[in-house]
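Peer 1: The structure file target-v6.cif (mmCIF, C-alpha atoms) is provided below.
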data_target
#
loop_
_atom_site.label_atom_id
_atom_site.label_comp_id
_atom_site.auth_asym_id
_atom_site.auth_seq_id
_atom_site.Cartn_x
_atom_site.Cartn_y
_atom_site.Cartn_z
CA MET A 1 24.13 5.27 5.52
CA SER A 2 21.67 7.75 3.99
CA HIS A 3 19.68 5.10 2.11
CA ALA A 4 18.41 1.85 3.59
CA ILE A 5 17.59 0.34 0.17
CA VAL A 6 19.30 0.97 -3.17
CA THR A 7 18.81 -0.81 -6.49
CA GLU A 8 20.55 -0.25 -9.83
CA GLY A 9 19.14 -1.62 -13.08
CA LEU A 10 17.34 -4.47 -11.33
CA VAL A 11 15.88 -7.09 -13.68
CA LYS A 12 13.93 -10.30 -13.04
CA ARG A 13 12.51 -12.51 -15.78
CA PHE A 14 9.97 -15.32 -15.68
CA GLY A 15 10.26 -16.97 -19.06
CA THR A 16 9.77 -14.23 -21.64
CA THR A 17 8.13 -11.89 -19.12
CA LYS A 18 10.15 -9.19 -17.38
CA ALA A 19 8.51 -8.89 -13.97
CA VAL A 20 11.10 -6.27 -13.01
CA ASP A 21 12.58 -4.30 -15.87
CA GLY A 22 15.62 -2.16 -15.05
CA VAL A 23 14.48 -0.63 -11.75
CA ASP A 24 16.55 2.06 -10.01
CA LEU A 25 15.30 2.74 -6.49
CA GLN A 26 16.49 4.57 -3.39
CA VAL A 27 14.70 4.43 -0.03
CA PRO A 28 15.99 6.89 2.62
CA THR A 29 16.68 5.46 6.05
CA GLY A 30 13.79 5.80 8.49
CA ARG A 31 11.17 6.64 5.87
CA ILE A 32 8.01 4.95 4.61
CA LEU A 33 8.09 4.40 0.86
CA GLY A 34 4.91 3.29 -0.88
CA LEU A 35 5.31 1.05 -3.92
CA LEU A 36 2.11 1.28 -5.97
CA GLY A 37 0.88 -0.58 -8.98
CA PRO A 38 -1.73 -3.04 -10.27
CA ASN A 39 -1.41 -6.81 -10.03
CA GLY A 40 1.48 -7.85 -12.25
CA ALA A 41 3.33 -4.55 -11.93
CA GLY A 42 6.34 -6.22 -10.28
CA LYS A 43 5.85 -5.04 -6.69
CA THR A 44 5.97 -8.43 -4.99
CA THR A 45 8.87 -9.58 -7.15
CA MET A 46 10.80 -6.48 -6.09
CA VAL A 47 10.14 -7.22 -2.42
CA ARG A 48 11.22 -10.85 -2.80
CA ILE A 49 14.48 -9.82 -4.40
CA LEU A 50 15.19 -7.27 -1.67
CA ALA A 51 14.30 -9.84 1.01
CA THR A 52 16.80 -12.32 -0.56
CA LEU A 53 14.04 -14.75 -1.57
CA LEU A 54 14.75 -14.33 -5.29
CA ARG A 55 17.93 -13.71 -7.23
CA PRO A 56 17.84 -10.91 -9.82
CA ASP A 57 18.79 -11.77 -13.39
CA ALA A 58 20.61 -8.46 -13.84
CA GLY A 59 21.43 -5.34 -11.86
CA ARG A 60 22.32 -5.04 -8.18
CA ALA A 61 20.58 -4.27 -4.92
CA TRP A 62 21.78 -3.30 -1.46
CA VAL A 63 19.74 -3.45 1.74
CA GLY A 64 21.22 -1.85 4.83
CA GLY A 65 24.45 -1.43 2.90
CA PHE A 66 24.77 -5.15 2.09
CA ASP A 67 24.51 -6.79 -1.33
CA VAL A 68 21.37 -8.96 -1.49
CA GLU A 69 23.22 -11.71 -3.39
CA SER A 70 26.75 -11.90 -1.99
CA GLN A 71 25.80 -10.78 1.53
CA ALA A 72 22.34 -12.29 1.87
CA HIS A 73 23.00 -13.53 5.42
CA GLN A 74 23.79 -10.01 6.64
CA VAL A 75 20.69 -8.63 4.90
CA ARG A 76 18.48 -11.19 6.67
CA GLN A 77 19.78 -10.03 10.05
CA LEU A 78 18.36 -6.55 9.36
CA ILE A 79 14.99 -7.17 7.78
CA ALA A 80 11.51 -8.53 8.40
CA LEU A 81 8.86 -9.39 5.83
CA THR A 82 5.08 -9.49 6.20
CA GLY A 83 3.34 -10.90 3.14
CA GLN A 84 -0.13 -10.49 1.72
CA TYR A 85 -1.66 -13.14 3.98
CA ALA A 86 -1.16 -13.79 7.68
CA SER A 87 1.32 -16.63 8.21
CA VAL A 88 0.69 -17.32 11.88
CA ASP A 89 0.17 -20.88 13.18
CA GLY A 90 -3.55 -21.15 13.84
CA LYS A 91 -3.19 -23.98 16.38
CA LEU A 92 -0.84 -21.99 18.60
CA THR A 93 -2.02 -19.16 20.82
CA GLY A 94 -1.04 -15.60 20.01
CA ARG A 95 1.54 -15.70 22.80
CA GLU A 96 2.95 -19.04 21.64
CA ASN A 97 3.32 -17.76 18.08
CA LEU A 98 5.49 -14.86 19.23
CA ILE A 99 7.53 -16.96 21.65
CA LEU A 100 8.18 -19.48 18.88
CA VAL A 101 9.48 -16.76 16.57
CA GLY A 102 11.73 -15.44 19.32
CA ARG A 103 13.19 -18.88 19.97
CA LEU A 104 13.77 -19.46 16.25
CA LEU A 105 15.65 -16.16 16.17
CA GLY A 106 17.93 -17.30 18.98
CA LEU A 107 16.39 -15.49 21.93
CA SER A 108 16.36 -17.21 25.31
CA ARG A 109 13.09 -18.52 26.76
CA ILE A 110 12.92 -15.59 29.17
CA ALA A 111 13.77 -13.01 26.49
CA SER A 112 11.29 -14.57 24.04
CA ARG A 113 8.47 -14.47 26.59
CA ARG A 114 9.31 -10.89 27.59
CA ARG A 115 9.38 -9.73 23.98
CA ALA A 116 6.09 -11.54 23.27
CA GLU A 117 4.37 -9.77 26.15
CA GLU A 118 5.67 -6.38 24.97
CA LEU A 119 4.33 -6.93 21.47
CA LEU A 120 0.99 -8.33 22.63
CA GLU A 121 0.44 -5.15 24.62
CA THR A 122 1.63 -2.88 21.80
CA PHE A 123 -0.69 -4.56 19.29
CA ALA A 124 -3.69 -4.68 21.64
CA LEU A 125 -3.72 -8.49 21.69
CA GLY A 126 -3.22 -9.03 25.41
CA ASP A 127 -6.78 -10.15 26.09
CA ALA A 128 -6.59 -12.74 23.31
CA ALA A 129 -3.01 -13.87 24.01
CA GLY A 130 -4.10 -17.25 25.38
CA ARG A 131 -6.48 -18.08 22.54
CA ALA A 132 -5.61 -20.13 19.47
CA ALA A 133 -4.81 -17.82 16.57
CA GLN A 134 -7.34 -19.65 14.40
CA THR A 135 -10.08 -18.04 16.52
CA TYR A 136 -8.80 -14.51 15.74
CA SER A 137 -10.53 -12.13 13.36
CA GLY A 138 -8.77 -11.15 10.13
CA GLY A 139 -7.57 -7.88 11.63
CA MET A 140 -6.23 -9.61 14.75
CA LYS A 141 -4.33 -12.15 12.64
CA ARG A 142 -2.75 -9.35 10.62
CA ARG A 143 -1.73 -7.56 13.83
CA LEU A 144 -0.23 -10.77 15.18
CA ASP A 145 1.58 -11.34 11.88
CA LEU A 146 3.05 -7.84 11.99
CA ALA A 147 4.00 -8.31 15.64
CA ALA A 148 5.84 -11.52 14.73
CA SER A 149 7.85 -9.66 12.11
CA LEU A 150 9.00 -7.18 14.78
CA VAL A 151 10.23 -9.66 17.38
CA ALA A 152 13.87 -9.06 16.42
CA HIS A 153 13.62 -5.23 16.18
CA PRO A 154 14.29 -5.14 12.39
CA ARG A 155 15.86 -2.01 10.95
CA ILE A 156 14.04 -2.51 7.63
CA LEU A 157 10.47 -3.77 7.28
CA PHE A 158 8.93 -5.04 4.03
CA LEU A 159 5.12 -4.97 4.02
CA ASP A 160 3.66 -6.62 0.93
CA GLU A 161 0.01 -5.52 0.73
CA PRO A 162 -0.41 -6.00 4.51
CA THR A 163 -4.05 -4.87 4.70
CA THR A 164 -5.42 -7.12 1.95
CA GLY A 165 -8.87 -8.37 2.95
CA LEU A 166 -9.22 -6.20 6.04
CA ASP A 167 -12.28 -4.10 6.82
CA PRO A 168 -11.78 -0.29 6.94
CA ARG A 169 -11.47 -0.13 10.73
CA ALA A 170 -8.90 -2.94 10.93
CA ARG A 171 -6.98 -1.33 8.06
CA LYS A 172 -6.75 2.01 9.87
CA ASP A 173 -5.68 0.28 13.10
CA LEU A 174 -2.83 -1.36 11.20
CA TRP A 175 -1.88 1.97 9.61
CA GLN A 176 -1.39 3.43 13.08
CA LEU A 177 0.90 0.58 14.08
CA ILE A 178 2.97 1.00 10.92
CA ARG A 179 3.35 4.73 11.59
CA GLN A 180 4.58 3.96 15.10
CA ARG A 181 7.31 1.70 13.72
CA ALA A 182 8.44 4.36 11.27
CA HIS A 183 8.49 7.02 14.00
CA GLY A 184 10.73 4.65 15.95
CA GLY A 185 13.30 4.70 13.15
CA THR A 186 12.34 1.63 11.13
CA THR A 187 12.54 1.97 7.35
CA VAL A 188 9.33 0.67 5.76
CA LEU A 189 8.79 -0.40 2.15
CA LEU A 190 5.05 -0.81 1.65
CA THR A 191 3.47 -2.31 -1.46
CA THR A 192 -0.21 -1.62 -1.88
CA GLN A 193 -3.05 -1.30 -4.36
CA TYR A 194 -4.96 1.03 -2.05
CA MET A 195 -4.36 4.66 -3.02
CA GLU A 196 -5.84 5.86 0.27
CA GLU A 197 -3.36 3.68 2.14
CA ALA A 198 -0.39 5.12 0.27
CA ASP A 199 -1.70 8.65 0.74
CA HIS A 200 -2.04 8.20 4.51
CA LEU A 201 1.20 6.32 5.17
CA ALA A 202 3.87 6.96 2.56
CA GLU A 203 6.22 9.92 2.73
CA GLU A 204 7.39 9.07 -0.78
CA ILE A 205 5.68 7.03 -3.49
CA VAL A 206 6.97 5.03 -6.44
CA VAL A 207 4.47 3.96 -9.09
CA MET A 208 5.27 0.76 -11.02
CA ASP A 209 3.64 -0.62 -14.12
CA SER A 210 4.75 -3.57 -16.26
CA GLY A 211 7.92 -3.97 -14.22
CA ARG A 212 9.08 -0.37 -14.56
CA ILE A 213 8.97 2.76 -12.43
CA ILE A 214 6.78 5.28 -14.22
CA ALA A 215 6.66 8.02 -11.58
CA SER A 216 7.98 8.90 -8.12
CA GLY A 217 7.71 11.69 -5.56
CA THR A 218 5.75 12.71 -2.49
CA PRO A 219 1.97 12.31 -2.65
CA ASP A 220 1.57 16.07 -3.10
CA GLN A 221 4.20 16.19 -5.86
CA LEU A 222 2.47 13.40 -7.77
CA LYS A 223 -0.92 15.09 -7.40
CA ALA A 224 0.57 18.36 -8.64
CA ARG A 225 1.57 16.58 -11.87
CA VAL A 226 -2.11 16.08 -12.63
CA ALA A 227 -3.09 19.53 -11.36
CA THR A 228 -6.79 18.99 -11.95
CA ARG A 229 -9.90 19.56 -9.92
CA SER A 230 -13.25 18.03 -10.58
CA LEU A 231 -16.90 18.42 -9.68
CA LEU A 232 -18.72 15.33 -8.47
CA VAL A 233 -22.49 15.19 -8.24
CA ARG A 234 -24.27 12.18 -6.75
CA ALA A 235 -27.91 11.82 -7.77
CA VAL A 236 -30.66 10.83 -5.36
CA LYS A 237 -32.56 9.00 -8.10
CA ALA A 238 -31.18 7.09 -11.05
CA SER A 239 -33.70 8.85 -13.31
CA ASP A 240 -31.93 12.18 -12.61
CA VAL A 241 -28.46 11.05 -13.73
CA ALA A 242 -29.00 12.01 -17.39
CA ARG A 243 -30.35 15.44 -16.37
CA ILE A 244 -27.35 16.06 -14.10
CA GLN A 245 -25.03 14.99 -16.90
CA ARG A 246 -26.69 17.50 -19.23
CA VAL A 247 -26.40 20.35 -16.69
CA LEU A 248 -22.71 19.57 -16.04
CA GLY A 249 -22.13 19.62 -19.79
CA GLU A 250 -23.58 23.12 -19.90
CA VAL A 251 -21.18 24.54 -17.29
CA SER A 252 -18.04 22.73 -18.46
CA GLU A 253 -16.18 22.31 -21.72
CA ASP A 254 -15.29 18.73 -20.71
CA THR A 255 -17.52 15.72 -21.22
CA PRO A 256 -19.08 14.54 -17.95
CA GLU A 257 -18.36 10.95 -16.89
CA VAL A 258 -21.02 8.75 -15.30
CA ARG A 259 -20.47 5.98 -12.78
CA LYS A 260 -23.73 4.61 -11.37
CA LEU A 261 -25.30 7.55 -9.51
CA GLU A 262 -22.18 9.75 -9.73
CA VAL A 263 -21.46 12.26 -12.47
CA THR A 264 -18.04 13.98 -12.60
CA VAL A 265 -16.47 16.62 -14.80
CA GLY A 266 -13.23 18.60 -14.82
CA CYS A 267 -13.35 21.93 -12.96
CA PRO A 268 -10.55 24.36 -13.90
CA ASP A 269 -12.45 27.30 -12.37
CA SER A 270 -14.09 27.14 -8.92
CA SER A 271 -16.77 29.59 -10.11
CA MET A 272 -18.24 26.62 -11.97
CA LEU A 273 -19.50 25.35 -8.61
CA ARG A 274 -21.76 28.39 -8.10
CA SER A 275 -23.06 28.16 -11.64
CA LEU A 276 -23.77 24.46 -11.25
CA MET A 277 -25.65 24.94 -7.98
CA ARG A 278 -27.79 27.64 -9.57
CA ARG A 279 -28.64 25.53 -12.61
CA LEU A 280 -29.47 22.46 -10.52
CA ASP A 281 -31.79 24.59 -8.41
CA GLU A 282 -33.47 26.08 -11.46
CA ALA A 283 -34.00 22.59 -12.91
CA LYS A 284 -35.33 21.41 -9.53
CA ILE A 285 -32.88 18.50 -9.47
CA GLU A 286 -32.31 17.11 -5.99
CA VAL A 287 -28.81 15.75 -5.37
CA ASP A 288 -27.39 13.63 -2.57
CA GLU A 289 -23.85 15.04 -2.72
CA LEU A 290 -21.98 17.85 -4.45
CA ILE A 291 -18.19 17.94 -4.12
CA LEU A 292 -15.39 20.08 -5.52
CA ARG A 293 -12.35 17.86 -5.13
CA THR A 294 -8.65 18.17 -5.86
CA ALA A 295 -6.60 15.54 -7.66
CA THR A 296 -6.20 12.17 -5.92
CA LEU A 297 -3.60 9.44 -6.34
CA ASP A 298 -6.23 7.57 -8.34
CA ASP A 299 -6.25 10.51 -10.76
CA VAL A 300 -2.46 10.36 -10.91
CA PHE A 301 -2.48 6.67 -11.77
CA LEU A 302 -5.18 7.16 -14.38
CA ALA A 303 -3.21 10.01 -15.97
CA LEU A 304 0.01 7.97 -16.00
CA THR A 305 -1.35 4.66 -17.25
CA GLY A 306 -4.67 5.49 -18.91
CA ARG A 307 -6.60 3.19 -16.57
CA PRO A 308 -7.64 3.15 -12.90
CA LEU A 309 -5.61 1.15 -10.39
CA GLU A 310 -8.48 -1.31 -9.93
CA SER A 311 -8.00 -2.40 -13.53
CA THR A 312 -7.69 -6.20 -13.57
CA ARG A 313 -4.38 -7.62 -14.69
CA THR A 314 -2.74 -10.99 -14.68
CA GLU A 315 -1.12 -11.84 -11.37
CA GLU A 316 2.64 -11.98 -11.18
CA PRO A 317 4.10 -15.41 -11.99
CA PRO A 318 4.57 -17.66 -8.94
CA THR A 319 8.01 -17.47 -7.39
CA GLU A 320 9.97 -19.81 -5.17
CA ALA A 321 9.85 -19.11 -1.44
CA THR A 322 13.58 -19.48 -0.82
CA ILE A 323 16.83 -19.16 -2.73
CA GLN A 324 18.14 -22.48 -3.95
#
Go ahead and render the structure in this file as structure tokens.

Peer 2:
Amino acid sequence: MSHAIVTEGLVKRFGTTKAVDGVDLQVPTGRILGLLGPNGAGKTTMVRILATLLRPDAGRAWVGGFDVESQAHQVRQLIALTGQYASVDGKLTGRENLILVGRLLGLSRIASRRRAEELLETFALGDAAGRAAQTYSGGMKRRLDLAASLVAHPRILFLDEPTTGLDPRARKDLWQLIRQRAHGGTTVLLTTQYMEEADHLAEEIVVMDSGRIIASGTPDQLKARVATRSLLVRAVKASDVARIQRVLGEVSEDTPEVRKLEVTVGCPDSSMLRSLMRRLDEAKIEVDELILRTATLDDVFLALTGRPLESTRTEEPPTEATIQ
């Protein structure tokens, strides 16, 4: 089929709150789709419905061509889910964790051990394979968790904020592994709050807010909707921030914005950069950084919702782990 995931008018309520509010979604087979939004946007609830862990209150959804309600068993044969926190058994070794998953999935002892060794090598965990998982770093646990989700060669992989809590290096290592799965033909639905992560990984992006889809497209298409450039100046000394703000106000019709040592302003004309550099030099203002940047996904989200993605919101209501 041309689409690995399809939803029509999907709705899920928790009391009077609509966590998912009439969502129509299509994810092409073999692609990485990034599902963005703040806490409470409905991302995790969407994933749980698609993974057959929650029943929708209205609408329908198909995964791999199968209905998530009436054909849940068939859906589960095709998918794997990695949640926001590593779910490995800390008392078992990395190798034992993977062998256990293989056995639970019906593989023979020999096949389970063989598959475990393949994944340990792929995820650069061979040297730590005999150690208890509780001794692993956060990045190693996340790699082991992702490896466990791939034991059965799933056609569709749900990653619900998989790099939460990881340092930048571990996050980029995990990105590379996710790309490799997609290049191998696996369809990936990735939820994230990290704009950089979506920009690096997703071929298409859907932005959710308050349970609804408010925008979709490729990263470049979404950035083109904002179509803005900005000048960013980082001061060396805090005492210079007000002076930089005044100079930026002189070269731009927009009001400069200040965040700690950074001052930014819209830049519709690149000639503003030359004028700004000249004025800063004349005023003898030393700066640490001067950047002319194009629109980012953060700008897109701000333009769509009126607030940055980091804006704090109430977490989604707790949901049951399995269908009753």

Peer 1: On this structure, which residues satisfy the PyMOL selection byres ((chain A and resi 223) around 9), written as a list in words?

Peer 2: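 Applied to this file, the PyMOL selection byres ((chain A and resi 223) around 9) returns Thr218, Pro219, Asp220, Gln221, Leu222, Ala224, Arg225, Val226, Ala227, Thr228, Thr294, Ala295, Thr296, Leu297, Asp299 and Val300 of chain A.
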
Peer 1: Do a neighbour search on His3 of chain A at 9 Å with only C-alpha atoms, toss out local chain neighbours closer than 5 positions, and write the hits as a count of residues only.

Peer 2: 8

Peer 1: Can you tell me how far atom CA of Lys141 of chain A sits from atom CA of Ser87 of chain A, in Å to one decimal?

Peer 2: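 These two atoms are separated by 8.5 Å.
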
Peer 1: Go ahead and compute the interatomic distance for atom CA of Glu262 of chain A and atom CA of Gln245 of chain A, in Å to one decimal.

Peer 2: 9.3 Å

Peer 1: Please list as a list of chain:residue names every residue within 9 Å of Ala58 of chain A, counting all atoms listed in the file and excluding residues in the same chain fewer than 3 positions away.

Peer 2: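 Listing them by chain and then by number gives A:Gly9, A:Leu10, A:Val11, A:Lys12, A:Gly22, A:Arg55.
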
Peer 1: Choose the residue, out of A:Ala170, A:Ile156, A:Thr192, A:Ala124, that has the smallest atom-to-atom separation from Ile79 of chain A; count only C-alpha atoms.

Peer 2: A:Ile156

Peer 1: Any chance you could export segment 149-187 of chain A with N, CA and C atoms, as a CSV table (one decimal), in the first residue's frame?

Peer 2:
chain,number,residue,atom,x,y,z
A,149,SER,N,13.3,-3.0,20.2
A,149,SER,CA,12.1,-2.8,19.4
A,149,SER,C,12.3,-3.3,18.0
A,150,LEU,N,13.5,-3.6,17.6
A,150,LEU,CA,13.8,-4.0,16.2
A,150,LEU,C,14.1,-5.5,16.1
A,151,VAL,N,13.9,-6.2,17.2
A,151,VAL,CA,14.2,-7.7,17.2
A,151,VAL,C,13.4,-8.4,16.1
A,152,ALA,N,12.2,-8.0,16.0
A,152,ALA,CA,11.3,-8.7,15.0
A,152,ALA,C,11.2,-8.1,13.7
A,153,HIS,N,12.1,-7.2,13.3
A,153,HIS,CA,12.1,-6.6,12.0
A,153,HIS,C,10.8,-5.9,11.7
A,154,PRO,N,10.3,-5.0,12.5
A,154,PRO,CA,9.0,-4.3,12.3
A,154,PRO,C,9.0,-3.5,11.1
A,155,ARG,N,7.9,-3.5,10.4
A,155,ARG,CA,7.7,-2.7,9.2
A,155,ARG,C,7.4,-1.2,9.6
A,156,ILE,N,6.8,-1.0,10.8
A,156,ILE,CA,6.4,0.3,11.2
A,156,ILE,C,7.0,0.5,12.6
A,157,LEU,N,7.7,1.6,12.8
A,157,LEU,CA,8.3,1.9,14.1
A,157,LEU,C,7.8,3.2,14.7
A,158,PHE,N,7.2,3.2,15.9
A,158,PHE,CA,6.7,4.3,16.6
A,158,PHE,C,7.8,4.7,17.6
A,159,LEU,N,8.3,6.0,17.5
A,159,LEU,CA,9.3,6.5,18.4
A,159,LEU,C,8.7,7.7,19.2
A,160,ASP,N,8.3,7.5,20.4
A,160,ASP,CA,7.7,8.6,21.2
A,160,ASP,C,8.7,9.3,22.0
A,161,GLU,N,9.2,10.5,21.5
A,161,GLU,CA,10.2,11.3,22.1
A,161,GLU,C,11.4,10.4,22.6
A,162,PRO,N,12.1,9.7,21.6
A,162,PRO,CA,13.1,8.7,22.0
A,162,PRO,C,14.4,9.3,22.6
A,163,THR,N,14.6,10.6,22.3
A,163,THR,CA,15.9,11.1,22.8
A,163,THR,C,15.8,12.0,24.1
A,164,THR,N,14.6,11.9,24.7
A,164,THR,CA,14.4,12.6,26.0
A,164,THR,C,15.5,12.3,27.0
A,165,GLY,N,16.1,13.4,27.5
A,165,GLY,CA,17.1,13.3,28.5
A,165,GLY,C,18.5,12.9,28.1
A,166,LEU,N,18.7,12.8,26.8
A,166,LEU,CA,20.0,12.4,26.3
A,166,LEU,C,20.9,13.7,26.0
A,167,ASP,N,22.2,13.5,26.2
A,167,ASP,CA,23.1,14.6,25.9
A,167,ASP,C,23.2,14.7,24.3
A,168,PRO,N,23.7,15.9,23.8
A,168,PRO,CA,23.7,16.1,22.4
A,168,PRO,C,24.4,15.0,21.6
A,169,ARG,N,25.5,14.5,22.1
A,169,ARG,CA,26.2,13.4,21.3
A,169,ARG,C,25.4,12.1,21.3
A,170,ALA,N,24.8,11.7,22.4
A,170,ALA,CA,24.0,10.5,22.4
A,170,ALA,C,22.8,10.7,21.5
A,171,ARG,N,22.2,11.9,21.5
A,171,ARG,CA,21.1,12.2,20.6
A,171,ARG,C,21.4,12.0,19.2
A,172,LYS,N,22.6,12.5,18.8
A,172,LYS,CA,23.0,12.4,17.3
A,172,LYS,C,23.3,11.0,17.0
A,173,ASP,N,23.9,10.2,17.9
A,173,ASP,CA,24.1,8.8,17.6
A,173,ASP,C,22.8,8.1,17.3
A,174,LEU,N,21.8,8.4,18.1
A,174,LEU,CA,20.5,7.7,18.0
A,174,LEU,C,19.9,8.2,16.6
A,175,TRP,N,20.0,9.5,16.3
A,175,TRP,CA,19.5,9.9,15.0
A,175,TRP,C,20.1,9.1,13.9
A,176,GLN,N,21.4,8.8,13.9
A,176,GLN,CA,22.0,8.0,12.8
A,176,GLN,C,21.4,6.6,12.7
A,177,LEU,N,21.1,6.0,13.9
A,177,LEU,CA,20.5,4.7,13.9
A,177,LEU,C,19.1,4.7,13.3
A,178,ILE,N,18.3,5.8,13.6
A,178,ILE,CA,17.0,5.9,13.1
A,178,ILE,C,17.0,6.1,11.6
A,179,ARG,N,17.9,6.9,11.1
A,179,ARG,CA,18.1,7.1,9.7
A,179,ARG,C,18.3,5.7,9.0
A,180,GLN,N,19.2,4.9,9.6
A,180,GLN,CA,19.5,3.6,9.0
A,180,GLN,C,18.3,2.7,8.9
A,181,ARG,N,17.4,2.8,9.9
A,181,ARG,CA,16.2,2.0,9.8
A,181,ARG,C,15.3,2.4,8.7
A,182,ALA,N,15.2,3.7,8.5
A,182,ALA,CA,14.3,4.3,7.5
A,182,ALA,C,14.9,4.0,6.1
A,183,HIS,N,16.2,4.0,6.0
A,183,HIS,CA,16.8,3.7,4.7
A,183,HIS,C,16.6,2.2,4.3
A,184,GLY,N,16.4,1.4,5.4
A,184,GLY,CA,16.2,0.0,5.2
A,184,GLY,C,14.7,-0.3,4.8
A,185,GLY,N,13.9,0.7,4.8
A,185,GLY,CA,12.5,0.5,4.4
A,185,GLY,C,11.5,0.6,5.5
A,186,THR,N,11.9,0.8,6.7
A,186,THR,CA,11.0,0.9,7.9
A,186,THR,C,10.3,2.3,7.9
A,187,THR,N,9.0,2.3,8.1
A,187,THR,CA,8.3,3.5,8.2
A,187,THR,C,8.4,4.0,9.7
